[in-house]
$ cat my_file_15.csv   # CSV, N, CA and C atoms
chain,number,residue,atom,x,y,z
A,1,MET,N,228.6,-44.7,-2.1
A,1,MET,CA,229.1,-43.8,-1.1
A,1,MET,C,230.2,-42.9,-1.7
A,2,THR,N,231.1,-43.5,-2.5
A,2,THR,CA,232.2,-42.7,-3.0
A,2,THR,C,231.7,-41.7,-4.0
A,3,LYS,N,230.7,-42.0,-4.7
A,3,LYS,CA,230.1,-41.1,-5.7
A,3,LYS,C,229.5,-39.8,-5.0
A,4,LEU,N,228.9,-40.1,-3.8
A,4,LEU,CA,228.4,-39.0,-3.0
A,4,LEU,C,229.5,-38.1,-2.5
A,5,LEU,N,230.6,-38.7,-2.0
A,5,LEU,CA,231.8,-38.0,-1.6
A,5,LEU,C,232.4,-37.1,-2.7
A,6,GLY,N,232.3,-37.6,-3.9
A,6,GLY,CA,232.8,-36.9,-5.1
A,6,GLY,C,232.0,-35.6,-5.3
A,7,TYR,N,230.7,-35.6,-5.0
A,7,TYR,CA,229.9,-34.4,-5.1
A,7,TYR,C,230.1,-33.5,-3.9
A,8,MET,N,230.4,-34.0,-2.7
A,8,MET,CA,230.5,-33.2,-1.5
A,8,MET,C,231.9,-32.7,-1.3
A,9,GLY,N,232.9,-33.3,-1.9
A,9,GLY,CA,234.3,-32.9,-1.7
A,9,GLY,C,234.6,-31.5,-2.3
A,10,MET,N,235.7,-30.9,-1.8
A,10,MET,CA,236.1,-29.6,-2.4
A,10,MET,C,237.6,-29.6,-2.6
A,11,ASP,N,238.0,-29.0,-3.6
A,11,ASP,CA,239.4,-28.8,-4.0
A,11,ASP,C,239.9,-27.6,-3.3
A,12,VAL,N,240.6,-27.7,-2.2
A,12,VAL,CA,241.1,-26.6,-1.4
A,12,VAL,C,242.1,-25.8,-2.2
A,13,ALA,N,242.9,-26.5,-2.9
A,13,ALA,CA,244.0,-25.8,-3.7
A,13,ALA,C,243.4,-24.9,-4.8
A,14,ALA,N,242.3,-25.2,-5.3
A,14,ALA,CA,241.7,-24.5,-6.4
A,14,ALA,C,240.8,-23.4,-5.9
A,15,MET,N,240.6,-23.2,-4.6
A,15,MET,CA,239.7,-22.2,-4.1
A,15,MET,C,240.3,-20.8,-4.3
A,16,THR,N,239.5,-19.8,-4.7
A,16,THR,CA,239.9,-18.5,-4.9
A,16,THR,C,239.7,-17.7,-3.6
A,17,ALA,N,240.1,-16.4,-3.6
A,17,ALA,CA,239.8,-15.6,-2.4
A,17,ALA,C,238.3,-15.4,-2.2
A,18,ASN,N,237.6,-15.3,-3.2
A,18,ASN,CA,236.1,-15.2,-3.0
A,18,ASN,C,235.5,-16.4,-2.4
A,19,ASP,N,236.0,-17.6,-2.8
A,19,ASP,CA,235.6,-18.8,-2.2
A,19,ASP,C,235.8,-18.8,-0.7
A,20,TRP,N,237.0,-18.4,-0.3
A,20,TRP,CA,237.4,-18.4,1.1
A,20,TRP,C,236.6,-17.4,1.9
A,21,ILE,N,236.3,-16.2,1.3
A,21,ILE,CA,235.5,-15.2,2.0
A,21,ILE,C,234.1,-15.8,2.2
A,22,GLY,N,233.6,-16.5,1.2
A,22,GLY,CA,232.2,-17.1,1.3
A,22,GLY,C,232.2,-18.1,2.4
A,23,VAL,N,233.3,-19.0,2.5
A,23,VAL,CA,233.3,-19.9,3.6
A,23,VAL,C,233.4,-19.2,5.0
A,24,PHE,N,234.2,-18.2,5.1
A,24,PHE,CA,234.3,-17.4,6.3
A,24,PHE,C,233.0,-16.8,6.7
A,25,PHE,N,232.3,-16.2,5.8
A,25,PHE,CA,231.0,-15.5,6.2
A,25,PHE,C,229.9,-16.5,6.5
A,26,SER,N,230.0,-17.7,5.8
A,26,SER,CA,229.0,-18.7,6.2
A,26,SER,C,229.2,-19.3,7.6
A,27,LEU,N,230.5,-19.5,7.9
A,27,LEU,CA,230.8,-19.9,9.3
A,27,LEU,C,230.4,-18.8,10.3
A,28,VAL,N,230.7,-17.6,10.0
A,28,VAL,CA,230.3,-16.5,11.0
A,28,VAL,C,228.8,-16.4,11.1
A,29,ALA,N,228.1,-16.6,10.0
A,29,ALA,CA,226.6,-16.5,10.1
A,29,ALA,C,226.1,-17.7,10.9
A,30,PHE,N,226.7,-18.9,10.7
A,30,PHE,CA,226.2,-20.1,11.5
A,30,PHE,C,226.5,-19.9,13.0
A,31,ILE,N,227.7,-19.4,13.3
A,31,ILE,CA,228.0,-19.2,14.7
A,31,ILE,C,227.2,-18.1,15.3
A,32,GLY,N,226.9,-17.1,14.6
A,32,GLY,CA,226.0,-16.0,15.1
A,32,GLY,C,224.6,-16.5,15.3
A,33,MET,N,224.1,-17.3,14.4
A,33,MET,CA,222.7,-17.8,14.6
A,33,MET,C,222.7,-18.7,15.7
A,34,ALA,N,223.7,-19.6,15.9
A,34,ALA,CA,223.7,-20.5,17.0
A,34,ALA,C,223.8,-19.7,18.4
A,35,ALA,N,224.5,-18.6,18.4
A,35,ALA,CA,224.6,-17.8,19.6
A,35,ALA,C,223.3,-17.2,19.9
A,36,VAL,N,222.6,-16.7,18.9
A,36,VAL,CA,221.3,-16.0,19.1
A,36,VAL,C,220.3,-17.1,19.6
A,37,TYR,N,220.3,-18.2,18.9
A,37,TYR,CA,219.3,-19.3,19.3
A,37,TYR,C,219.6,-19.7,20.8
A,38,PHE,N,220.8,-19.8,21.2
A,38,PHE,CA,221.2,-20.2,22.5
A,38,PHE,C,220.7,-19.1,23.5
A,39,MET,N,220.9,-17.8,23.1
A,39,MET,CA,220.4,-16.7,24.0
A,39,MET,C,218.9,-16.7,24.1
A,40,VAL,N,218.2,-16.9,23.0
A,40,VAL,CA,216.8,-16.7,23.1
A,40,VAL,C,216.1,-17.9,23.8
A,41,PHE,N,216.6,-19.1,23.6
A,41,PHE,CA,215.9,-20.3,24.1
A,41,PHE,C,216.5,-20.7,25.5
A,42,ARG,N,217.4,-19.9,26.0
A,42,ARG,CA,217.9,-20.2,27.4
A,42,ARG,C,216.9,-19.8,28.4
A,43,PRO,N,216.5,-20.7,29.3
A,43,PRO,CA,215.5,-20.5,30.3
A,43,PRO,C,215.8,-19.3,31.2
A,44,ALA,N,217.0,-19.0,31.5
A,44,ALA,CA,217.4,-17.8,32.3
A,44,ALA,C,217.0,-16.5,31.7
A,45,ASN,N,216.9,-16.4,30.4
A,45,ASN,CA,216.6,-15.2,29.7
A,45,ASN,C,215.1,-15.1,29.4
A,46,LYS,N,214.3,-16.0,29.8
A,46,LYS,CA,212.8,-16.0,29.5
A,46,LYS,C,212.1,-14.7,30.0
A,47,ASP,N,212.4,-14.3,31.2
A,47,ASP,CA,211.7,-13.1,31.7
A,47,ASP,C,212.1,-11.9,30.9
A,48,THR,N,213.3,-11.7,30.5
A,48,THR,CA,213.8,-10.6,29.8
A,48,THR,C,213.0,-10.5,28.4
A,49,PHE,N,212.9,-11.6,27.7
A,49,PHE,CA,212.3,-11.6,26.4
A,49,PHE,C,210.7,-11.5,26.6
A,50,GLU,N,210.2,-12.1,27.6
A,50,GLU,CA,208.7,-12.0,27.8
A,50,GLU,C,208.3,-10.5,28.1
A,51,SER,N,209.2,-9.8,28.8
A,51,SER,CA,208.8,-8.4,29.1
A,51,SER,C,208.9,-7.5,27.9
A,52,ARG,N,209.6,-7.9,26.9
A,52,ARG,CA,209.8,-7.1,25.7
A,52,ARG,C,209.0,-7.6,24.5
A,53,ARG,N,208.1,-8.6,24.7
A,53,ARG,CA,207.5,-9.2,23.5
A,53,ARG,C,206.6,-8.3,22.8
A,54,SER,N,206.0,-7.3,23.4
A,54,SER,CA,205.1,-6.4,22.7
A,54,SER,C,205.7,-5.1,22.4
A,55,MET,N,207.1,-5.0,22.4
A,55,MET,CA,207.8,-3.8,22.2
A,55,MET,C,207.5,-3.2,20.8
A,56,ALA,N,207.4,-4.1,19.8
A,56,ALA,CA,207.2,-3.6,18.4
A,56,ALA,C,205.8,-3.0,18.2
A,57,LEU,N,204.9,-3.4,19.1
A,57,LEU,CA,203.5,-2.9,18.9
A,57,LEU,C,203.2,-1.7,19.8
A,58,ASP,N,204.2,-1.3,20.7
A,58,ASP,CA,203.9,-0.1,21.5
A,58,ASP,C,204.0,1.2,20.7
A,59,ASP,N,203.1,2.1,20.9
A,59,ASP,CA,203.0,3.4,20.2
A,59,ASP,C,203.3,4.5,21.2
A,60,GLU,N,203.9,4.3,22.3
A,60,GLU,CA,204.1,5.4,23.3
A,60,GLU,C,205.2,6.4,22.8
A,61,ASP,N,206.2,5.9,22.1
A,61,ASP,CA,207.3,6.8,21.7
A,61,ASP,C,207.1,7.2,20.2
A,62,HIS,N,205.9,7.7,19.9
A,62,HIS,CA,205.6,8.0,18.5
A,62,HIS,C,206.3,9.3,18.1
A,63,ILE,N,207.0,9.4,17.1
A,63,ILE,CA,207.7,10.6,16.6
A,63,ILE,C,207.2,10.9,15.2
A,64,ASN,N,206.6,12.1,15.1
A,64,ASN,CA,206.1,12.5,13.8
A,64,ASN,C,207.3,12.9,12.9
A,65,VAL,N,207.2,12.7,11.6
A,65,VAL,CA,208.2,13.1,10.7
A,65,VAL,C,208.3,14.6,10.6
A,66,GLY,N,209.5,15.1,10.8
A,66,GLY,CA,209.7,16.6,10.8
A,66,GLY,C,209.5,17.2,12.1
A,67,GLU,N,209.2,16.5,13.1
A,67,GLU,CA,209.0,17.0,14.5
A,67,GLU,C,210.3,17.4,15.1
A,68,LYS,N,210.4,18.6,15.7
A,68,LYS,CA,211.7,19.0,16.3
A,68,LYS,C,211.6,18.6,17.8
A,69,ARG,N,212.7,18.2,18.3
A,69,ARG,CA,212.7,17.9,19.8
A,69,ARG,C,213.2,19.1,20.6

$ encode --input "my_file_15.csv" --output "structure tokens"
Amino acid sequence: MTKLLGYMGMDVAAMTANDWIGVFFSLVAFIGMAAVYFMVFRPANKDTFESRRSMALDDEDHINVGEKR
């Protein structure tokens, strides 16, 4: 077990600014993904997401390249 902790441990005093930025962004990404998963899988939001499930396949708002409005 102590050998495993030797691989998993980190030397906080030897960490550079880039290391801390990486830790920060990893935590932000984890918290963001957890928030999105909570929002998507929450039963109260089911109707909202079900009504938008074919939004990517809708061609109603087709805009031609170079078309002026």

$ atom_distance --input "my_file_15.csv" --atom1 "atom N of Asn45 in chain A" --atom2 "atom C of Met33 in chain A"
16.0 Å

$ atom_distance --input "my_file_15.csv" --atom1 "CA of Val23 in chain A" --atom2 "atom N of Phe41 in chain A"
26.1 Å

$ atom_distance --input "my_file_15.csv" --atom1 "atom N of Phe24 in chain A" --atom2 "CA of Val12 in chain A"
12.7 Å

$ residues_around --input "my_file_15.csv" --residues "Phe49 in chain A" --least-positions-apart "5" --cutoff "8 Å" --atoms "only N, CA and C atoms" --output "ChimeraX atom specification"
/A:40,44,54

$ select_by_dssp --input "my_file_15.csv" --residues "chain A" --states "alpha helix (DSSP H)" --output "VMD selection string"
chain A and resid 2 to 8 17 to 41 46 to 51

$ decode --input "my_file_15.csv" --residues "chain A" --atoms "C-alpha atoms" --output "PDB file, in the first residue's frame"
ATOM      1  CA  MET A   1       0.000   0.000   0.000  1.00  0.00           C
ATOM      2  CA  THR A   2       2.811   2.446   0.773  1.00  0.00           C
ATOM      3  CA  LYS A   3       4.326   1.788  -2.655  1.00  0.00           C
ATOM      4  CA  LEU A   4       1.015   2.750  -4.263  1.00  0.00           C
ATOM      5  CA  LEU A   5       0.861   5.940  -2.197  1.00  0.00           C
ATOM      6  CA  GLY A   6       4.367   6.747  -3.420  1.00  0.00           C
ATOM      7  CA  TYR A   7       3.067   6.735  -7.002  1.00  0.00           C
ATOM      8  CA  MET A   8      -0.113   8.645  -6.183  1.00  0.00           C
ATOM      9  CA  GLY A   9       1.433  11.310  -3.938  1.00  0.00           C
ATOM     10  CA  MET A  10       2.457  14.737  -5.115  1.00  0.00           C
ATOM     11  CA  ASP A  11       5.089  17.170  -3.949  1.00  0.00           C
ATOM     12  CA  VAL A  12       3.148  20.408  -3.471  1.00  0.00           C
ATOM     13  CA  ALA A  13       6.281  22.434  -2.790  1.00  0.00           C
ATOM     14  CA  ALA A  14       7.793  21.419  -6.147  1.00  0.00           C
ATOM     15  CA  MET A  15       4.721  22.290  -8.218  1.00  0.00           C
ATOM     16  CA  THR A  16       5.157  25.082 -10.769  1.00  0.00           C
ATOM     17  CA  ALA A  17       2.571  27.616 -11.911  1.00  0.00           C
ATOM     18  CA  ASN A  18       1.705  25.409 -14.891  1.00  0.00           C
ATOM     19  CA  ASP A  19       1.042  22.504 -12.543  1.00  0.00           C
ATOM     20  CA  TRP A  20      -1.347  24.603 -10.440  1.00  0.00           C
ATOM     21  CA  ILE A  21      -3.123  25.896 -13.560  1.00  0.00           C
ATOM     22  CA  GLY A  22      -3.586  22.285 -14.692  1.00  0.00           C
ATOM     23  CA  VAL A  23      -5.018  21.314 -11.313  1.00  0.00           C
ATOM     24  CA  PHE A  24      -7.365  24.316 -11.391  1.00  0.00           C
ATOM     25  CA  PHE A  25      -8.665  23.609 -14.896  1.00  0.00           C
ATOM     26  CA  SER A  26      -9.102  19.918 -14.114  1.00  0.00           C
ATOM     27  CA  LEU A  27     -11.233  20.775 -11.097  1.00  0.00           C
ATOM     28  CA  VAL A  28     -13.254  23.334 -13.079  1.00  0.00           C
ATOM     29  CA  ALA A  29     -13.870  20.767 -15.832  1.00  0.00           C
ATOM     30  CA  PHE A  30     -14.945  18.148 -13.275  1.00  0.00           C
ATOM     31  CA  ILE A  31     -17.331  20.537 -11.524  1.00  0.00           C
ATOM     32  CA  GLY A  32     -18.725  21.722 -14.870  1.00  0.00           C
ATOM     33  CA  MET A  33     -19.324  18.168 -16.078  1.00  0.00           C
ATOM     34  CA  ALA A  34     -20.980  17.231 -12.786  1.00  0.00           C
ATOM     35  CA  ALA A  35     -23.274  20.275 -13.062  1.00  0.00           C
ATOM     36  CA  VAL A  36     -24.222  19.405 -16.643  1.00  0.00           C
ATOM     37  CA  TYR A  37     -24.869  15.753 -15.740  1.00  0.00           C
ATOM     38  CA  PHE A  38     -27.039  16.864 -12.827  1.00  0.00           C
ATOM     39  CA  MET A  39     -28.973  19.245 -15.085  1.00  0.00           C
ATOM     40  CA  VAL A  40     -29.493  16.683 -17.866  1.00  0.00           C
ATOM     41  CA  PHE A  41     -30.456  13.718 -15.697  1.00  0.00           C
ATOM     42  CA  ARG A  42     -32.709  15.655 -13.314  1.00  0.00           C
ATOM     43  CA  PRO A  43     -36.301  14.447 -13.789  1.00  0.00           C
ATOM     44  CA  ALA A  44     -37.699  17.989 -13.565  1.00  0.00           C
ATOM     45  CA  ASN A  45     -35.826  18.954 -16.765  1.00  0.00           C
ATOM     46  CA  LYS A  46     -36.979  15.945 -18.784  1.00  0.00           C
ATOM     47  CA  ASP A  47     -39.731  17.782 -20.671  1.00  0.00           C
ATOM     48  CA  THR A  48     -37.382  20.602 -21.669  1.00  0.00           C
ATOM     49  CA  PHE A  49     -34.776  18.261 -23.116  1.00  0.00           C
ATOM     50  CA  GLU A  50     -37.354  15.976 -24.734  1.00  0.00           C
ATOM     51  CA  SER A  51     -38.858  18.950 -26.594  1.00  0.00           C
ATOM     52  CA  ARG A  52     -35.410  19.864 -27.982  1.00  0.00           C
ATOM     53  CA  ARG A  53     -34.100  16.415 -28.851  1.00  0.00           C
ATOM     54  CA  SER A  54     -34.508  16.808 -32.630  1.00  0.00           C
ATOM     55  CA  MET A  55     -33.285  20.410 -32.734  1.00  0.00           C
ATOM     56  CA  ALA A  56     -30.050  19.459 -34.512  1.00  0.00           C
ATOM     57  CA  LEU A  57     -31.999  17.722 -37.291  1.00  0.00           C
ATOM     58  CA  ASP A  58     -34.478  20.549 -37.957  1.00  0.00           C
ATOM     59  CA  ASP A  59     -33.937  22.304 -41.293  1.00  0.00           C
ATOM     60  CA  GLU A  60     -36.529  25.053 -40.852  1.00  0.00           C
ATOM     61  CA  ASP A  61     -34.034  27.879 -40.276  1.00  0.00           C
ATOM     62  CA  HIS A  62     -31.820  27.070 -43.256  1.00  0.00           C
ATOM     63  CA  ILE A  63     -29.555  29.981 -44.219  1.00  0.00           C
ATOM     64  CA  ASN A  64     -27.684  29.890 -47.518  1.00  0.00           C
ATOM     65  CA  VAL A  65     -24.100  31.074 -47.542  1.00  0.00           C
ATOM     66  CA  GLY A  66     -23.965  34.649 -48.807  1.00  0.00           C
ATOM     67  CA  GLU A  67     -27.675  35.202 -48.318  1.00  0.00           C
ATOM     68  CA  LYS A  68     -28.580  38.708 -47.204  1.00  0.00           C
ATOM     69  CA  ARG A  69     -31.240  39.249 -44.624  1.00  0.00           C
TER      70      ARG A  69
END
